[in-house]
>>> print(open('input17.cif').read())   # mmCIF, C-alpha atoms (C1' of nucleotides)
data_run
loop_
_atom_site.label_atom_id
_atom_site.label_comp_id
_atom_site.auth_asym_id
_atom_site.auth_seq_id
_atom_site.Cartn_x
_atom_site.Cartn_y
_atom_site.Cartn_z
CA MET A 1 -17.93 -13.28 -30.62
CA GLY A 2 -18.85 -12.00 -27.24
CA ARG A 3 -19.25 -8.39 -26.37
CA TRP A 4 -15.68 -8.28 -25.08
CA GLU A 5 -12.43 -10.01 -25.85
CA PRO A 6 -12.12 -13.08 -23.64
CA ASP A 7 -9.78 -13.56 -20.67
CA SER A 8 -9.49 -9.99 -19.44
CA ARG A 9 -7.86 -11.24 -16.30
CA GLY A 10 -5.14 -13.05 -18.19
CA ARG A 11 -4.52 -10.03 -20.40
CA LEU A 12 -4.23 -7.79 -17.37
CA GLU A 13 -1.80 -10.19 -15.76
CA GLN A 14 0.42 -10.38 -18.83
CA ALA A 15 0.34 -6.63 -19.36
CA ALA A 16 1.28 -6.02 -15.74
CA LEU A 17 4.18 -8.45 -15.70
CA ALA A 18 5.51 -7.07 -18.97
CA LEU A 19 5.34 -3.46 -17.83
CA TYR A 20 6.76 -4.18 -14.37
CA ALA A 21 9.66 -5.96 -16.03
CA GLU A 22 10.21 -3.27 -18.68
CA ARG A 23 10.10 -0.13 -16.62
CA GLY A 24 9.79 -1.28 -13.02
CA TYR A 25 6.82 -1.63 -10.69
CA GLU A 26 6.95 1.94 -9.38
CA ASN A 27 7.11 3.49 -12.83
CA THR A 28 4.02 1.67 -14.01
CA THR A 29 0.53 3.01 -13.39
CA VAL A 30 -2.54 0.84 -13.22
CA ALA A 31 -4.07 2.94 -15.98
CA GLU A 32 -1.18 1.94 -18.25
CA ILE A 33 -1.61 -1.74 -17.48
CA ALA A 34 -5.31 -1.52 -18.20
CA ALA A 35 -4.72 0.38 -21.44
CA ARG A 36 -2.26 -2.25 -22.69
CA ALA A 37 -4.89 -4.89 -21.93
CA GLY A 38 -7.57 -2.87 -23.74
CA LEU A 39 -9.50 -2.24 -20.52
CA THR A 40 -9.99 0.48 -17.94
CA GLU A 41 -8.39 1.04 -14.58
CA ARG A 42 -11.64 0.23 -12.81
CA THR A 43 -11.74 -3.21 -14.38
CA PHE A 44 -8.22 -3.94 -13.16
CA PHE A 45 -9.40 -3.41 -9.60
CA ARG A 46 -12.37 -5.68 -10.15
CA HIS A 47 -9.99 -8.54 -10.96
CA PHE A 48 -7.18 -7.80 -8.51
CA ALA A 49 -7.45 -6.32 -5.06
CA ASP A 50 -4.50 -4.03 -5.65
CA LYS A 51 -1.58 -3.28 -7.91
CA ARG A 52 0.61 -5.95 -6.31
CA GLU A 53 -1.88 -8.77 -6.16
CA VAL A 54 -1.62 -9.36 -9.89
CA LEU A 55 1.72 -11.07 -9.21
CA PHE A 56 0.44 -13.20 -6.36
CA TRP A 57 -2.98 -14.51 -7.24
CA GLY A 58 -1.50 -18.01 -7.68
CA ALA A 59 -0.62 -18.28 -4.00
CA PRO A 60 -3.90 -19.89 -2.87
CA THR A 61 -3.38 -22.67 -5.42
CA LEU A 62 0.09 -23.39 -4.09
CA GLU A 63 -1.22 -23.25 -0.57
CA ALA A 64 -3.94 -25.80 -1.34
CA LEU A 65 -1.41 -28.10 -2.97
CA LEU A 66 0.94 -27.95 -0.01
CA VAL A 67 -1.81 -28.40 2.57
CA GLY A 68 -3.13 -31.41 0.68
CA ALA A 69 0.30 -32.96 0.49
CA VAL A 70 0.95 -32.47 4.20
CA GLU A 71 -2.40 -33.96 5.10
CA THR A 72 -2.01 -37.03 2.92
CA ALA A 73 1.61 -37.77 3.81
CA PRO A 74 2.05 -41.25 5.30
CA GLU A 75 1.24 -41.41 8.98
CA SER A 76 4.70 -42.68 9.66
CA ALA A 77 6.33 -39.53 8.27
CA SER A 78 7.72 -37.11 10.83
CA PRO A 79 6.26 -33.58 10.71
CA ILE A 80 9.34 -32.05 9.11
CA ASP A 81 9.49 -34.81 6.52
CA ALA A 82 5.84 -34.33 5.68
CA VAL A 83 6.40 -30.63 5.14
CA VAL A 84 9.57 -31.03 3.13
CA ALA A 85 7.96 -33.72 0.99
CA ALA A 86 5.08 -31.35 0.30
CA PHE A 87 7.44 -28.68 -0.95
CA GLU A 88 9.26 -31.22 -3.06
CA ALA A 89 5.95 -32.22 -4.58
CA ALA A 90 5.34 -28.60 -5.54
CA GLY A 91 8.68 -28.49 -7.34
CA PRO A 92 7.36 -29.36 -10.81
CA LEU A 93 4.83 -26.52 -10.56
CA PHE A 94 7.77 -24.13 -10.73
CA GLN A 95 10.00 -26.25 -12.90
CA GLU A 96 7.40 -26.14 -15.69
CA ARG A 97 7.68 -22.41 -16.16
CA ARG A 98 11.14 -21.68 -15.02
CA ASP A 99 11.57 -18.59 -17.18
CA GLY A 100 8.32 -17.01 -16.11
CA ALA A 101 9.12 -17.74 -12.48
CA ARG A 102 12.49 -16.09 -12.87
CA GLN A 103 11.15 -12.96 -14.49
CA ARG A 104 8.48 -12.66 -11.81
CA GLN A 105 11.09 -13.10 -9.10
CA ARG A 106 13.34 -10.46 -10.60
CA VAL A 107 10.44 -8.01 -10.56
CA ILE A 108 9.60 -8.83 -6.95
CA ASP A 109 13.20 -8.63 -5.77
CA ALA A 110 13.56 -5.19 -7.33
CA ASN A 111 10.83 -3.59 -5.21
CA ALA A 112 10.31 -3.36 -1.45
CA GLU A 113 6.51 -3.25 -1.62
CA LEU A 114 6.46 -6.43 -3.66
CA ARG A 115 8.86 -8.13 -1.27
CA GLU A 116 6.49 -7.23 1.55
CA ARG A 117 3.63 -8.86 -0.25
CA GLU A 118 5.71 -11.95 -0.96
CA LEU A 119 6.59 -12.25 2.71
CA ILE A 120 2.98 -12.09 3.86
CA LYS A 121 2.03 -14.72 1.31
CA LEU A 122 4.77 -16.97 2.64
CA ALA A 123 3.59 -16.31 6.18
CA SER A 124 0.07 -17.26 5.18
CA LEU A 125 1.49 -20.42 3.65
CA GLY A 126 3.23 -21.12 6.93
CA SER A 127 0.02 -20.72 8.93
CA ALA A 128 -1.84 -23.04 6.59
CA ILE A 129 0.88 -25.67 6.82
CA ALA A 130 0.96 -25.39 10.60
CA ALA A 131 -2.80 -25.91 10.69
CA ALA A 132 -2.44 -28.99 8.48
CA LEU A 133 0.18 -30.35 10.83
CA ARG A 134 -2.14 -29.81 13.79
CA ARG A 135 -4.74 -31.85 11.95
CA ARG A 136 -2.09 -34.59 11.85
CA GLY A 137 -1.92 -34.42 15.63
CA VAL A 138 1.19 -32.28 15.92
CA ALA A 139 0.92 -29.97 18.92
CA ASP A 140 2.03 -26.37 19.10
CA PRO A 141 4.60 -24.88 19.14
CA ALA A 142 6.03 -27.81 17.23
CA ALA A 143 3.53 -27.33 14.41
CA THR A 144 4.33 -23.63 13.99
CA LEU A 145 8.06 -24.14 14.20
CA THR A 146 8.05 -27.01 11.76
CA ALA A 147 6.08 -24.96 9.28
CA GLU A 148 8.43 -22.01 9.71
CA ALA A 149 11.41 -24.28 9.25
CA GLY A 150 9.83 -25.63 6.08
CA ILE A 151 9.37 -22.12 4.74
CA ALA A 152 12.95 -21.19 5.55
CA ILE A 153 14.17 -24.29 3.76
CA PHE A 154 12.04 -23.51 0.74
CA ARG A 155 13.17 -19.91 0.58
CA VAL A 156 16.81 -20.87 0.60
CA ALA A 157 16.31 -23.60 -1.97
CA PHE A 158 14.19 -21.40 -4.21
CA ALA A 159 16.75 -18.61 -4.16
CA ARG A 160 19.40 -21.06 -5.26
CA TRP A 161 17.15 -22.47 -7.95
CA VAL A 162 16.38 -19.03 -9.36
CA SER A 163 20.00 -17.91 -9.39
CA ASP A 164 21.64 -18.20 -12.77
CA SER A 165 24.47 -20.49 -11.82
CA GLU A 166 22.25 -23.39 -10.78
CA SER A 167 20.46 -25.80 -13.01
CA ARG A 168 19.54 -28.49 -10.53
CA GLU A 169 16.04 -29.65 -9.73
CA LEU A 170 14.16 -27.64 -7.13
CA ALA A 171 13.25 -30.80 -5.20
CA GLU A 172 16.89 -31.76 -4.91
CA LEU A 173 17.84 -28.33 -3.59
CA ILE A 174 15.03 -28.53 -1.05
CA ARG A 175 16.24 -31.82 0.35
CA GLU A 176 19.75 -30.45 0.50
CA SER A 177 18.60 -27.37 2.42
CA LEU A 178 16.84 -29.56 4.95
CA GLY A 179 20.18 -31.21 5.62
CA ASP A 180 21.81 -27.81 6.02
CA LEU A 181 19.20 -26.68 8.52
CA GLN A 182 19.54 -29.84 10.53
CA ALA A 183 23.28 -29.45 10.64
CA VAL A 184 22.94 -25.85 11.70
CA THR A 185 20.36 -26.07 14.45
CA GLY A 186 22.29 -28.83 16.12
CA GLY A 187 19.22 -30.76 17.13
CA ARG A 188 18.62 -33.23 19.83
CA MET B 189 10.47 29.02 24.37
CA GLY B 190 11.27 27.85 20.91
CA ARG B 191 9.23 28.68 17.91
CA TRP B 192 7.59 25.27 18.12
CA GLU B 193 6.68 22.81 20.82
CA PRO B 194 9.54 20.36 21.24
CA ASP B 195 9.63 16.69 20.21
CA SER B 196 7.29 16.81 17.21
CA ARG B 197 8.40 13.33 16.31
CA GLY B 198 7.47 11.94 19.69
CA ARG B 199 4.10 13.70 19.62
CA LEU B 200 3.37 12.29 16.16
CA GLU B 201 4.29 8.83 17.31
CA GLN B 202 2.06 9.00 20.39
CA ALA B 203 -0.83 10.46 18.43
CA ALA B 204 -0.55 7.76 15.80
CA LEU B 205 -0.42 4.87 18.25
CA ALA B 206 -3.37 6.28 20.19
CA LEU B 207 -5.52 6.78 17.10
CA TYR B 208 -4.59 3.43 15.56
CA ALA B 209 -5.56 1.75 18.84
CA GLU B 210 -8.78 3.74 19.25
CA ARG B 211 -10.28 3.49 15.82
CA GLY B 212 -8.00 1.21 13.84
CA TYR B 213 -5.20 1.91 11.39
CA GLU B 214 -7.43 2.05 8.32
CA ASN B 215 -9.87 4.49 9.86
CA THR B 216 -7.16 6.95 10.77
CA THR B 217 -5.88 9.54 8.31
CA VAL B 218 -2.45 11.07 8.49
CA ALA B 219 -4.10 14.49 8.65
CA GLU B 220 -5.85 13.43 11.86
CA ILE B 221 -2.62 12.20 13.42
CA ALA B 222 -0.89 15.45 12.55
CA ALA B 223 -3.77 17.52 13.89
CA ARG B 224 -3.71 15.69 17.21
CA ALA B 225 0.03 16.39 17.42
CA GLY B 226 -0.57 20.05 16.55
CA LEU B 227 1.25 19.73 13.23
CA THR B 228 0.46 19.35 9.55
CA GLU B 229 0.30 16.28 7.35
CA ARG B 230 3.41 17.41 5.48
CA THR B 231 5.44 17.41 8.67
CA PHE B 232 4.37 13.85 9.46
CA PHE B 233 5.93 12.73 6.20
CA ARG B 234 9.11 14.59 6.97
CA HIS B 235 9.53 12.47 10.10
CA PHE B 236 8.22 9.14 8.85
CA ALA B 237 8.52 7.68 5.39
CA ASP B 238 4.91 6.51 5.40
CA LYS B 239 1.86 5.95 7.56
CA ARG B 240 3.13 2.59 8.80
CA GLU B 241 6.69 3.50 9.58
CA VAL B 242 5.67 5.40 12.69
CA LEU B 243 5.24 2.02 14.39
CA PHE B 244 8.55 0.60 13.20
CA TRP B 245 11.19 3.28 13.47
CA GLY B 246 12.76 1.42 16.41
CA ALA B 247 13.74 -1.53 14.23
CA PRO B 248 17.21 -0.25 13.27
CA THR B 249 18.09 0.10 16.96
CA LEU B 250 17.08 -3.48 17.66
CA GLU B 251 18.98 -4.59 14.58
CA ALA B 252 22.15 -2.85 15.74
CA LEU B 253 21.83 -4.41 19.17
CA LEU B 254 21.39 -7.91 17.79
CA VAL B 255 24.18 -7.58 15.26
CA GLY B 256 26.52 -6.32 17.96
CA ALA B 257 25.63 -9.20 20.26
CA VAL B 258 26.18 -11.77 17.51
CA GLU B 259 29.54 -10.28 16.62
CA THR B 260 30.81 -10.16 20.18
CA ALA B 261 29.58 -13.59 21.23
CA PRO B 262 32.41 -15.84 22.44
CA GLU B 263 34.27 -17.51 19.62
CA SER B 264 33.46 -20.85 21.13
CA ALA B 265 29.71 -20.30 20.77
CA SER B 266 28.01 -22.18 17.94
CA PRO B 267 26.19 -19.98 15.39
CA ILE B 268 22.74 -20.84 16.66
CA ASP B 269 23.79 -20.20 20.24
CA ALA B 270 25.26 -16.84 19.29
CA VAL B 271 22.01 -15.85 17.62
CA VAL B 272 19.77 -17.09 20.40
CA ALA B 273 21.94 -15.39 23.00
CA ALA B 274 21.63 -12.15 21.06
CA PHE B 275 17.84 -12.35 21.15
CA GLU B 276 17.95 -13.16 24.84
CA ALA B 277 20.06 -10.09 25.40
CA ALA B 278 17.40 -7.99 23.65
CA GLY B 279 14.75 -9.33 26.04
CA PRO B 280 14.95 -6.49 28.57
CA LEU B 281 14.39 -3.95 25.79
CA PHE B 282 10.87 -5.33 25.48
CA GLN B 283 10.39 -6.27 29.10
CA GLU B 284 10.83 -2.62 30.11
CA ARG B 285 7.73 -1.47 28.31
CA ARG B 286 5.60 -4.51 28.24
CA ASP B 287 2.30 -2.62 28.06
CA GLY B 288 3.38 -0.41 25.19
CA ALA B 289 4.73 -3.40 23.32
CA ARG B 290 1.43 -5.19 23.76
CA GLN B 291 -0.69 -2.31 22.53
CA ARG B 292 1.57 -1.88 19.54
CA GLN B 293 1.35 -5.57 18.77
CA ARG B 294 -2.43 -5.56 19.00
CA VAL B 295 -2.55 -2.72 16.49
CA ILE B 296 -0.20 -4.53 14.12
CA ASP B 297 -2.00 -7.85 14.38
CA ALA B 298 -5.28 -6.16 13.52
CA ASN B 299 -4.15 -4.95 10.10
CA ALA B 300 -2.71 -6.77 7.11
CA GLU B 301 -0.64 -3.84 5.84
CA LEU B 302 1.01 -3.49 9.21
CA ARG B 303 1.70 -7.20 9.38
CA GLU B 304 3.40 -6.90 6.00
CA ARG B 305 5.64 -4.17 7.30
CA GLU B 306 6.46 -6.19 10.40
CA LEU B 307 7.46 -9.14 8.26
CA ILE B 308 9.82 -7.14 6.10
CA LYS B 309 11.42 -5.65 9.19
CA LEU B 310 11.97 -9.15 10.54
CA ALA B 311 13.40 -10.22 7.20
CA SER B 312 15.79 -7.30 7.28
CA LEU B 313 16.77 -8.34 10.79
CA GLY B 314 17.42 -11.83 9.46
CA SER B 315 19.67 -10.55 6.69
CA ALA B 316 21.65 -8.43 9.13
CA ILE B 317 22.12 -11.35 11.51
CA ALA B 318 23.16 -13.61 8.66
CA ALA B 319 25.74 -11.03 7.60
CA ALA B 320 27.05 -10.86 11.17
CA LEU B 321 27.37 -14.63 11.23
CA ARG B 322 29.32 -14.55 7.98
CA ARG B 323 31.70 -12.11 9.64
CA ARG B 324 32.15 -14.79 12.30
CA GLY B 325 33.24 -17.16 9.54
CA VAL B 326 29.97 -19.03 9.11
CA ALA B 327 29.44 -19.98 5.48
CA ASP B 328 26.21 -19.85 3.52
CA PRO B 329 23.64 -21.34 3.48
CA ALA B 330 24.32 -22.08 7.14
CA ALA B 331 24.44 -18.39 8.00
CA THR B 332 21.11 -17.65 6.33
CA LEU B 333 19.39 -20.68 7.78
CA THR B 334 20.68 -20.02 11.26
CA ALA B 335 19.45 -16.45 11.10
CA GLU B 336 16.05 -17.59 9.82
CA ALA B 337 15.85 -20.17 12.56
CA GLY B 338 16.66 -17.50 15.11
CA ILE B 339 13.87 -15.30 13.77
CA ALA B 340 11.40 -18.17 13.88
CA ILE B 341 12.36 -18.90 17.46
CA PHE B 342 11.97 -15.26 18.41
CA ARG B 343 8.60 -14.95 16.72
CA VAL B 344 7.20 -17.93 18.55
CA ALA B 345 8.64 -16.80 21.88
CA PHE B 346 7.43 -13.23 21.41
CA ALA B 347 3.91 -14.34 20.56
CA ARG B 348 3.82 -16.36 23.76
CA TRP B 349 5.20 -13.47 25.75
CA VAL B 350 2.62 -11.04 24.40
CA SER B 351 -0.30 -13.39 24.99
CA ASP B 352 -2.21 -12.62 28.15
CA SER B 353 -1.83 -15.96 29.86
CA GLU B 354 1.96 -15.79 30.11
CA SER B 355 4.00 -13.80 32.54
CA ARG B 356 7.37 -15.42 32.06
CA GLU B 357 10.54 -13.65 30.99
CA LEU B 358 11.05 -13.26 27.27
CA ALA B 359 14.58 -14.68 27.48
CA GLU B 360 13.28 -17.82 29.13
CA LEU B 361 10.68 -18.33 26.43
CA ILE B 362 13.33 -17.85 23.76
CA ARG B 363 15.54 -20.56 25.18
CA GLU B 364 12.56 -22.85 25.46
CA SER B 365 11.62 -22.25 21.81
CA LEU B 366 15.12 -23.14 20.72
CA GLY B 367 14.66 -26.51 22.39
CA ASP B 368 11.33 -26.95 20.61
CA LEU B 369 12.87 -26.19 17.23
CA GLN B 370 15.72 -28.60 17.82
CA ALA B 371 13.30 -31.32 18.81
CA VAL B 372 11.17 -30.64 15.75
CA THR B 373 13.79 -30.49 13.02
CA GLY B 374 15.32 -33.74 14.15
CA GLY B 375 18.85 -32.66 13.47
CA ARG B 376 21.99 -34.60 13.19
"C1'" DA C 377 22.09 44.74 12.45
"C1'" DC C 378 22.67 40.93 9.19
"C1'" DC C 379 22.70 36.26 7.36
"C1'" DG C 380 22.17 31.49 6.97
"C1'" DT C 381 19.99 27.45 8.80
"C1'" DC C 382 16.34 24.52 9.73
"C1'" DA C 383 11.87 22.92 11.20
"C1'" DT C 384 7.60 23.86 9.79
"C1'" DG C 385 3.67 25.58 6.84
"C1'" DT C 386 1.24 26.09 2.33
"C1'" DC C 387 -0.22 24.57 -1.99
"C1'" DA C 388 -0.72 22.08 -6.08
"C1'" DG C 389 -0.28 17.77 -8.09
"C1'" DT C 390 -0.09 12.46 -8.99
"C1'" DG C 391 -1.77 8.03 -8.47
"C1'" DA C 392 -3.98 4.06 -5.87
"C1'" DC C 393 -8.29 2.67 -4.74
"C1'" DT C 394 -13.69 2.94 -3.99
"C1'" DG C 395 -18.73 3.60 -4.49
"C1'" DA C 396 -22.61 4.68 -7.42
"C1'" DC C 397 -24.65 4.41 -11.49
"C1'" DA C 398 -24.92 3.49 -16.70
"C1'" DT C 399 -24.53 0.29 -20.67
"C1'" DC C 400 -25.62 -3.56 -23.32
"C1'" DA C 401 -24.84 -8.56 -25.35
"C1'" DG C 402 -26.45 -12.82 -24.07
"C1'" DT C 403 -29.94 -15.55 -21.64
"C1'" DC C 404 -33.90 -16.82 -19.50
"C1'" DT C 405 -38.99 -16.67 -19.02
"C1'" DA C 406 -43.79 -15.81 -19.68
"C1'" DT D 407 -41.04 -13.25 -29.38
"C1'" DA D 408 -41.15 -9.20 -26.11
"C1'" DG D 409 -39.48 -8.09 -22.03
"C1'" DA D 410 -37.03 -8.84 -17.71
"C1'" DC D 411 -32.54 -10.34 -15.87
"C1'" DT D 412 -27.54 -11.01 -15.47
"C1'" DG D 413 -22.85 -9.97 -15.47
"C1'" DA D 414 -18.74 -7.87 -17.20
"C1'" DT D 415 -17.45 -3.59 -18.35
"C1'" DG D 416 -17.36 1.65 -18.64
"C1'" DT D 417 -17.84 6.36 -16.61
"C1'" DC D 418 -17.37 9.62 -13.10
"C1'" DA D 419 -16.62 11.76 -8.87
"C1'" DG D 420 -14.43 11.39 -4.67
"C1'" DT D 421 -10.92 10.20 -0.73
"C1'" DC D 422 -6.44 9.74 0.85
"C1'" DA D 423 -1.36 8.59 0.82
"C1'" DC D 424 2.52 10.73 -0.60
"C1'" DT D 425 5.74 14.35 -3.13
"C1'" DG D 426 8.01 18.59 -4.92
"C1'" DA D 427 8.45 23.54 -4.80
"C1'" DC D 428 8.40 27.45 -2.44
"C1'" DA D 429 7.37 30.55 1.73
"C1'" DT D 430 7.95 31.76 6.69
"C1'" DG D 431 10.17 33.10 10.71
"C1'" DA D 432 12.77 32.10 15.14
"C1'" DC D 433 17.30 31.10 16.35
"C1'" DG D 434 22.38 31.22 16.39
"C1'" DG D 435 26.44 33.01 14.83
"C1'" DT D 436 29.25 36.94 12.72
#
>>> encode(input="input17.cif", output="structure tokens")
Amino acid sequence: MGRWEPDSRGRLEQAALALYAERGYENTTVAEIAARAGLTERTFFRHFADKREVLFWGAPTLEALLVGAVETAPESASPIDAVVAAFEAAGPLFQERRDGARQRQRVIDANAELRERELIKLASLGSAIAAALRRRGVADPAATLTAEAGIAIFRVAFARWVSDSESRELAELIRESLGDLQAVTGGR
Amino acid sequence: MGRWEPDSRGRLEQAALALYAERGYENTTVAEIAARAGLTERTFFRHFADKREVLFWGAPTLEALLVGAVETAPESASPIDAVVAAFEAAGPLFQERRDGARQRQRVIDANAELRERELIKLASLGSAIAAALRRRGVADPAATLTAEAGIAIFRVAFARWVSDSESRELAELIRESLGDLQAVTGGR
DNA sequence: ACCGTCATGTCAGTGACTGACATCAGTCTA
DNA sequence: TAGACTGATGTCAGTCACTGACATGACGGT
């Protein structure tokens, strides 16, 4: 056995999510999270940049997945289709752990600071997707707007997917939201 | 003469913007802002909820303006046109103090925490616009998506307007961005 | 003259986050 | 195999955002 229990990072993450869910983000101190994980506050901040980041460290993975999907979409695909297809491809990533995703979302929705962090992660996602589109030869502002549209579509679809009354596949809801957006913007 | 110099709030705001611009948001303490305004730290927090809010207190005014414009748009206007027209109507509000708006934007763009706050303000704007659309009889998810699309259009137009190389009217850039979005999403 | 209000000041406290340095099991190297 | 090296963790002191409780004193009204 090593000097320390393994997977401190994972323990910190679980402890944080549990405490945020139990008593709310604001009523949880980092010292408490660390204690539940059998570690100290200082160690928490060595693994996560701040108290919120523990809920968002997966974002770069999602971003890489989406960027890859946009870049490798068939040349014939229109920009918006490439983006929407990328989000559809990410569907299973969420579908796998639906319950965890829901709990996490409930925690985020309950706190303004966490919503802020979620928004900047989505914005970063948007920038990365726009950059991938530019690499496909899409000019600006089309690239930026397409990425933003993709994000809006995803947000709407994800909200529906998380809500209790729905049990449909995320990918299906995404495609449906694309249709809604097209109907709404009027288009050319 | 009153017991105190008048307009503490305005002095705090000016001091904050000046210091954030001079030495950056992170390198400015609230105590320094208060001192420059001839007040104490505690008074700063009586006027502004936190260190960032001093740059964003105008948001509710803009929100009210946009909501009003959406609600009073001609019945014949499509949802997206009502929203875009509302943003166009807000154009002069920015045009009046172009230099101040630019400095503020430079400060915000230079700091991640401030960008977070900007994003949540825009999201709140989006929710308010979506609610106004619903009052016009637009159903969801169309209302939400239209509002989001409007925000995306505004963001792109505003970024162009702020950038040095442009000197066109904000309203003109907004209308142009609508066309770009329509071209990009394909639409029906 | 008196009283209540209200913007501000004062002060003590909590909690997020940081930098500097200590510890020590496991590993590598002479 | 002794000793140096590494890397994750602990310890500690410090800064700063933010809050609650209470004090102050000019002003306006009675």
>>> interface_residues(input="input17.cif", of="chain A", to="chain D", cutoff="10 Å", atoms="only C-alpha atoms (C1' of nucleotides)", output="list in words")
Arg3, Trp4, Ser8, Leu39, Thr40, Glu41, Arg42, Thr43 and Arg46 of chain A
>>> resolve_selection(input="input17.cif", expression="the PyMOL selection byres ((chain A) within 9 of (chain C))", output="PyMOL selection string")
chain A and resi 2-3+29-30+45+50-51
>>> closest_residue(input="input17.cif", among="B:Ala319, B:Arg305, B:Leu205, B:Ala265", to="Gly288 in chain B", atoms="only C-alpha atoms")
B:Leu205
>>> atom_distance(input="input17.cif", atom1="CA of Ala278 in chain B", atom2="CA of Leu254 in chain B")
7.1 Å
>>> closest_residue(input="input17.cif", among="B:Glu360, B:Glu201, B:Glu301, B:Glu220", to="chain A", atoms="all atoms listed in the file")
B:Glu301
>>> resolve_selection(input="input17.cif", expression="the PyMOL selection byres ((chain B) within 8 of (chain A))", output="list in words")
Pro267, Ile268, Arg303, Glu304, Arg305, Leu307, Ile308, Pro329, Ala330, Thr332, Leu333, Thr334, Glu336, Ala337, Ala340, Ile341, Val344, Ser365, Asp368, Leu369, Gln370, Ala371, Val372, Thr373, Gly374, Gly375 and Arg376 of chain B
>>> atom_distance(input="input17.cif", atom1="CA of Ala247 in chain B", atom2="CA of Leu281 in chain B")
11.8 Å
>>> atom_distance(input="input17.cif", atom1="CA of Ile362 in chain B", atom2="CA of Ala261 in chain B")
17.0 Å
>>> axis_aligned_box(input="input17.cif", around="range 125-142 of chain A", padding_each_side="8 Å", output="JSON")
{"center_x": 0.6, "center_y": -27.5, "center_z": 11.4, "size_x": 26.8, "size_y": 30.2, "size_z": 31.5}
>>> resolve_selection(input="input17.cif", expression="the PyMOL selection byres ((chain A and resi 106) around 12)", output="mmCIF file with C-alpha atoms, keeping the file's coordinate frame")
data_model
loop_
_atom_site.group_PDB
_atom_site.id
_atom_site.type_symbol
_atom_site.label_atom_id
_atom_site.label_comp_id
_atom_site.auth_asym_id
_atom_site.auth_seq_id
_atom_site.Cartn_x
_atom_site.Cartn_y
_atom_site.Cartn_z
ATOM 1 C CA LEU A 17 4.180 -8.450 -15.700
ATOM 2 C CA ALA A 18 5.510 -7.070 -18.970
ATOM 3 C CA TYR A 20 6.760 -4.180 -14.370
ATOM 4 C CA ALA A 21 9.660 -5.960 -16.030
ATOM 5 C CA GLU A 22 10.210 -3.270 -18.680
ATOM 6 C CA GLY A 24 9.790 -1.280 -13.020
ATOM 7 C CA TYR A 25 6.820 -1.630 -10.690
ATOM 8 C CA LEU A 55 1.720 -11.070 -9.210
ATOM 9 C CA ASP A 99 11.570 -18.590 -17.180
ATOM 10 C CA GLY A 100 8.320 -17.010 -16.110
ATOM 11 C CA ALA A 101 9.120 -17.740 -12.480
ATOM 12 C CA ARG A 102 12.490 -16.090 -12.870
ATOM 13 C CA GLN A 103 11.150 -12.960 -14.490
ATOM 14 C CA ARG A 104 8.480 -12.660 -11.810
ATOM 15 C CA GLN A 105 11.090 -13.100 -9.100
ATOM 16 C CA VAL A 107 10.440 -8.010 -10.560
ATOM 17 C CA ILE A 108 9.600 -8.830 -6.950
ATOM 18 C CA ASP A 109 13.200 -8.630 -5.770
ATOM 19 C CA ALA A 110 13.560 -5.190 -7.330
ATOM 20 C CA ASN A 111 10.830 -3.590 -5.210
ATOM 21 C CA ALA A 112 10.310 -3.360 -1.450
ATOM 22 C CA LEU A 114 6.460 -6.430 -3.660
ATOM 23 C CA ARG A 115 8.860 -8.130 -1.270
ATOM 24 C CA ALA A 159 16.750 -18.610 -4.160
ATOM 25 C CA VAL A 162 16.380 -19.030 -9.360
ATOM 26 C CA SER A 163 20.000 -17.910 -9.390
ATOM 27 C CA ASP A 164 21.640 -18.200 -12.770
#
>>> residues_around(input="input17.cif", residues="range 84-88 of chain A", least_positions_apart="6", cutoff="6 Å", atoms="only C-alpha atoms (C1' of nucleotides)", output="PDB file with C-alpha atoms, keeping the file's coordinate frame")
ATOM      1  CA  LEU A  66       0.940 -27.950  -0.010  1.00  0.00           C
ATOM      2  CA  ALA A  69       0.300 -32.960   0.490  1.00  0.00           C
ATOM      3  CA  VAL A  70       0.950 -32.470   4.200  1.00  0.00           C
ATOM      4  CA  ALA A 171      13.250 -30.800  -5.200  1.00  0.00           C
TER       5      ALA A 171
END
>>> closest_residue(input="input17.cif", among="A:Glu5, A:Arg136, A:Ser167, A:Ala37", to="Ser76 in chain A", atoms="all atoms listed in the file")
A:Arg136
